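Below is one structure, written out as structure tokens; comments come after it.
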Amino acid sequence: MSGDHFHNDSQIDSGSRHNDSHKHKDKYKDKEHKHKDHKKDKEREKSKYSNSEHRDSSDKKHRDKDKERLKLKDGSSDKQKDKHREKKKEERVGRGLCYFHIATVLSQLNPLALEEFPFIKSEPENDGFYHSPKHEKSLKRERDDDDAEFKPKKIKTEESEKKAKKRKQEEEVTVLVACVGMLVYILPSLCFFIPFRWEEERYTDGVKWKFLEHKGPVFAPPYEPLPSNVKFYYDGKHMKLSPGAEEVATFFAKMLDHEYTTKDVFRKNFFKDWRKEMTSEEKSKLTDLNKCDFSEMSEYFKAQSEARKAMTKEEKLKIKEENERLLQEYGFCIMDNHKERIANFRIEPPGLFRGRGDHPKMGMLKRRIRPEDIIINCSKDSKYPKPPPGTKWKEVRHDNKVTWLVSWTENIQGSIKYIMLNPSSRIKGEKDWQKYEMARRLKKCVDRIRAQYREDWKSKEMRIRQRAVALYFIDKLALRAGNEKEEGETADTVGCCSLRVEHLTLHQEMDGQEYVVEFDFLGKDSIRYYNKVPVEKRVFKNLQLFMEDKEPEDDLFDRLNTSILNKHLQELMDGLTAKVFRTYNASITLQQQLNELTSSEDNVPAKILSYNRANRAVAILCNHQRAPPKTFEKSMQNLQTKIDAKKEQLADAKRELKSAKADAKVRRDEKSKKAVESKKKAVQRIEEQLMKLEVQATDREENKQIALGTSKLNYLDPRISVAWCKKFGIPIEKIYNKTQREKFAWAIDMAEKDYEF
DNA sequence: CGGGATACTTAGTAGAATTGTT
DNA sequence: AACAATTCTACTAAGTATCCCG
């Protein structure tokens, strides 16, 4: 049940405990001067950069970029303030903070260099590309680990000790490399000792890259007409369809087993769009979808997929190789001297649109995308991708203020789709890092902001009260902002600002608690949010006020929208938006839960259970759900059988041990003593196995409807997990799989065991 | 200010790939 | 080796946020 929000209140409480109470005075002083100082600060900061080559006050974009720089700078100058207090800590810190620290110094000398972190550049490798040392290091580790896996287990422990040593050395080398790398940045600013050819981009004024070359997208395979023996029937009579109409018919036929092909909206939308693809003759004949018989087509596709499964190894291998070839050719691009993996280089194939939830456009035809629909983005001095023979791109442009390589407009909602880089890329990694830094900045001032919105609950102005209550929900319940949506264009879902009166019920008293708000609404992806939350009296009274004289379908916050809210947040903290609260609360919850749940005496599986539980607390907070796996019940049963078997095995082993002991007592010889020892070990081993199974069962049961992946990938500062692994000697592979390790390479290299979010 | 356009992040799921079991 | 169970990956929909224009 998602109603369990034990961590919410404690979150707020311990949050304030964390931030030393003696700071309170400063805090309020801060607040008083905030408005006046804000502008000044900005200007002061700006003037620091005024001698930078890119200064141009007339250009708004430049100002924006300055703002971005400020964000990064802020953290480092705060560090400076805390210098004395932190001094001792610094002595203990390893490489992780070292980056920040040197970064601080660096930013004073050459602020631009800061933007390069943590991707310090190196010499080109033999493949002709530059790789950042960090990535290289992770790759190398992985290779090491892979090797280890092939070795027998006994050797592995000795081996891992050596490996640990080696890693330490490696780490030291990395520090060295880092320092050398930084020197190179410092040098040019000290003298005009210009440069090495690997002098890299300084991303000012929103520039995302200087060089971008790629091969363009891979188009969906062309339509292959059905063999003539697969027939379509209308009103019981065979009818040969034109290729265009046939293709769309196959889309429907492939979905026949799905429940949604029975839905009215789906059928209506499909039929309307299908008719558009028909010849005029077909159009006049085919007037009723209910008379269409797709069953032969459907059977044909089922047979095809069976055949695919039954293919020989060679055939499967051939397909695999072909895929690999495509990946090698189209799956990578070159961005600023780095070869980077592309996330989605295939164009989405045509088909029937199936939105999530009750979508008014379900069943509509998603058009085939042609080269003429495609906009290519690459640098002027690159080799442009070639359109397929006989075709043209819609446009080739060279916009280095965006990160996408290819775009097209989709026909269902008219939105733009993009081809972008993989999460492991520099450009995504840096952004991700930045996101967590922003959340950490919120941590520093969240007490002030909370005090402020609590104050605002009493405001004379309705709009301010609404804003304050909404922000309270966003903070306490990790609700999404809730942008307005066009009615009839999408499923009816809401977020915080778009909540309607019908989505909450107020209970003066419920289950022995006062002032309970019951939430029940569909959020993103039409996932239901259901929660009963006790709130403060003042919030409760405000809600009553907001709901007064309103119809159920009226907006709860009629004086508020996301843009107003975000503007307000911007004033409270530079760069703050509603979604930062989700990131912040998710990450801080993970950290707290990990601290609370992990005990160092536990064995590895038990620690991992603790990790999963901490992760789960976050997933519950963020309402990340999944459909229970189809095989859930069965797999639970299987596990239980295994546990029972193991228990029996344990009982047997114990009995054997007992008799061996008795035997040894009588015989008193070496042999029987040894037998006792080995029986003891056997019992221990079995006990351990049993425990592991039980842990697994608990974990799985608790995880039935909860999806951990989303929070892990998008909300939890990976440095928390890395630090936790280091602290408790858990191999990082147990927490992050290969893809995740690639995505979080920056964090894996940056965070030490004492990292604190 | 409001609405459309744009860019980018966050989300759950289907099916492929891998791993475990018999 | 065959099959089942589990994990991973690709896919793409659905959000957030910001900018620009009238």
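By order of appearance in the structure tokens: chains A, B, ..., then residues from 1 within every chain, and ligands from 1 in the order shown.
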
Excluding same-chain residues fewer than 3 positions from stretch 1-7 of chain B, what lies within 9 Å of it counting only C-alpha atoms (C1' of nucleotides), as a PyMOL selection string?
(chain A and resi 402-404+415-416+418) or (chain C and resi 18-20)

Chain A residues within 7 Å of chain C, counting only C-alpha atoms (C1' of nucleotides): which ones, as a list in words?
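Contact residues on the first chain: Gly355, Lys524 and Asp525 of chain A.
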
Can you spit out the residues from that selection as a short mmCIF file (atom, residue, chain, number, x, y, z; two decimals), in the first residue's frame, using N, CA and C atoms?
data_model
loop_
_atom_site.label_atom_id
_atom_site.label_comp_id
_atom_site.auth_asym_id
_atom_site.auth_seq_id
_atom_site.Cartn_x
_atom_site.Cartn_y
_atom_site.Cartn_z
N GLY A 355 -1.48 5.24 -26.12
CA GLY A 355 -1.04 6.06 -24.99
C GLY A 355 -1.26 5.28 -23.72
N LYS A 524 1.30 11.00 -13.46
CA LYS A 524 2.01 10.68 -14.70
C LYS A 524 1.83 9.20 -15.07
N ASP A 525 1.67 8.96 -16.37
CA ASP A 525 1.45 7.61 -16.87
C ASP A 525 0.18 6.97 -16.32
#

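Nearest to A:Asp717 of all the residues A:Arg448, A:His359, A:Lys435, A:Lys579 is A:Lys435, counting only C-alpha atoms.
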
List every residue of stretch 424-606 of chain A that DSSP, applied to the backbone of this structure, assigns to alpha helix (DSSP H), and report them as number ranges by chain.
A: 426-456, 462-477, 537-547, 562-572, 578-597, 604-606

Can you write just those residues out, C-alpha atoms, as a short mmCIF file (atom, residue, chain, number, x, y, z; two decimals), in the first residue's frame?
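Just written: again-v9.cif:
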data_model
loop_
_atom_site.label_atom_id
_atom_site.label_comp_id
_atom_site.auth_asym_id
_atom_site.auth_seq_id
_atom_site.Cartn_x
_atom_site.Cartn_y
_atom_site.Cartn_z
CA ARG A 426 29.76 13.46 -21.17
CA ILE A 427 26.91 15.77 -21.96
CA LYS A 428 24.30 13.75 -20.07
CA GLY A 429 26.64 12.86 -17.23
CA GLU A 430 27.53 16.45 -16.51
CA LYS A 431 23.90 17.45 -16.54
CA ASP A 432 23.06 14.65 -14.17
CA TRP A 433 25.82 15.70 -11.82
CA GLN A 434 24.58 19.25 -11.95
CA LYS A 435 21.09 18.09 -11.03
CA TYR A 436 22.32 16.52 -7.81
CA GLU A 437 24.44 19.53 -7.00
CA MET A 438 21.31 21.62 -7.28
CA ALA A 439 19.51 19.28 -4.90
CA ARG A 440 22.39 19.58 -2.47
CA ARG A 441 22.11 23.32 -2.62
CA LEU A 442 18.47 22.96 -1.70
CA LYS A 443 19.54 20.91 1.28
CA LYS A 444 21.41 23.91 2.56
CA CYS A 445 18.43 26.20 2.48
CA VAL A 446 15.48 23.87 2.79
CA ASP A 447 14.90 24.85 6.41
CA ARG A 448 14.57 28.46 5.45
CA ILE A 449 12.18 27.60 2.64
CA ARG A 450 10.09 25.40 4.89
CA ALA A 451 9.87 28.11 7.49
CA GLN A 452 8.83 30.49 4.77
CA TYR A 453 5.99 28.44 3.38
CA ARG A 454 4.71 27.68 6.85
CA GLU A 455 4.64 31.41 7.43
CA ASP A 456 2.79 31.85 4.13
CA MET A 462 -5.14 33.70 -1.27
CA ARG A 463 -2.58 33.16 -4.03
CA ILE A 464 0.22 33.07 -1.49
CA ARG A 465 -1.59 30.61 0.73
CA GLN A 466 -2.28 28.37 -2.21
CA ARG A 467 1.30 28.57 -3.30
CA ALA A 468 2.45 27.69 0.19
CA VAL A 469 0.16 24.71 0.58
CA ALA A 470 1.09 23.40 -2.85
CA LEU A 471 4.75 23.72 -2.05
CA TYR A 472 4.15 21.87 1.20
CA PHE A 473 2.64 18.97 -0.75
CA ILE A 474 5.49 18.98 -3.22
CA ASP A 475 7.98 18.91 -0.39
CA LYS A 476 6.26 16.50 1.98
CA LEU A 477 4.70 14.13 -0.52
CA LYS A 537 -4.21 22.03 11.26
CA ARG A 538 -3.39 25.17 9.36
CA VAL A 539 -3.01 23.28 6.10
CA PHE A 540 -6.26 21.51 6.73
CA LYS A 541 -8.11 24.75 7.33
CA ASN A 542 -6.61 26.23 4.23
CA LEU A 543 -7.71 23.28 2.16
CA GLN A 544 -11.24 23.69 3.48
CA LEU A 545 -11.07 27.29 2.41
CA PHE A 546 -9.76 26.43 -1.07
CA MET A 547 -12.52 23.89 -1.57
CA THR A 562 3.57 25.78 -12.25
CA SER A 563 4.96 28.89 -13.79
CA ILE A 564 3.93 31.04 -10.82
CA LEU A 565 5.25 28.46 -8.42
CA ASN A 566 8.58 28.13 -10.18
CA LYS A 567 8.99 31.88 -10.37
CA HIS A 568 8.54 31.99 -6.64
CA LEU A 569 11.02 29.17 -6.11
CA GLN A 570 13.51 30.95 -8.30
CA GLU A 571 13.40 33.82 -5.83
CA LEU A 572 13.98 31.53 -2.88
CA ALA A 578 9.56 22.16 -8.20
CA LYS A 579 11.24 19.02 -9.37
CA VAL A 580 14.37 19.71 -7.35
CA PHE A 581 12.33 18.85 -4.26
CA ARG A 582 11.72 15.38 -5.58
CA THR A 583 15.40 14.87 -6.22
CA TYR A 584 16.33 16.30 -2.87
CA ASN A 585 13.80 14.36 -0.84
CA ALA A 586 14.56 11.13 -2.67
CA SER A 587 18.29 11.40 -2.13
CA ILE A 588 18.13 12.55 1.45
CA THR A 589 15.70 9.74 2.26
CA LEU A 590 18.06 7.19 0.78
CA GLN A 591 20.92 8.52 2.81
CA GLN A 592 18.94 8.54 6.04
CA GLN A 593 17.48 5.13 5.48
CA LEU A 594 20.86 3.67 4.67
CA ASN A 595 22.28 5.10 7.85
CA GLU A 596 19.41 3.73 9.84
CA LEU A 597 19.13 0.30 8.30
CA VAL A 604 26.57 -8.99 2.36
CA PRO A 605 23.09 -10.25 1.44
CA ALA A 606 21.61 -8.66 4.55
#

For atom CA of A:Phe757 and atom CA of A:Pro534, quote the distance in Å rounded to one decimal.
28.3 Å

For stretch 303-307 of chain A, please output as a PyMOL selection string all residues within 12 Å (counting only C-alpha atoms (C1' of nucleotides); exclusion window: fewer than 4 positions along the same chain).
(chain A and resi 226+230+254+296-299+311-312+315-316) or (chain B and resi 15)
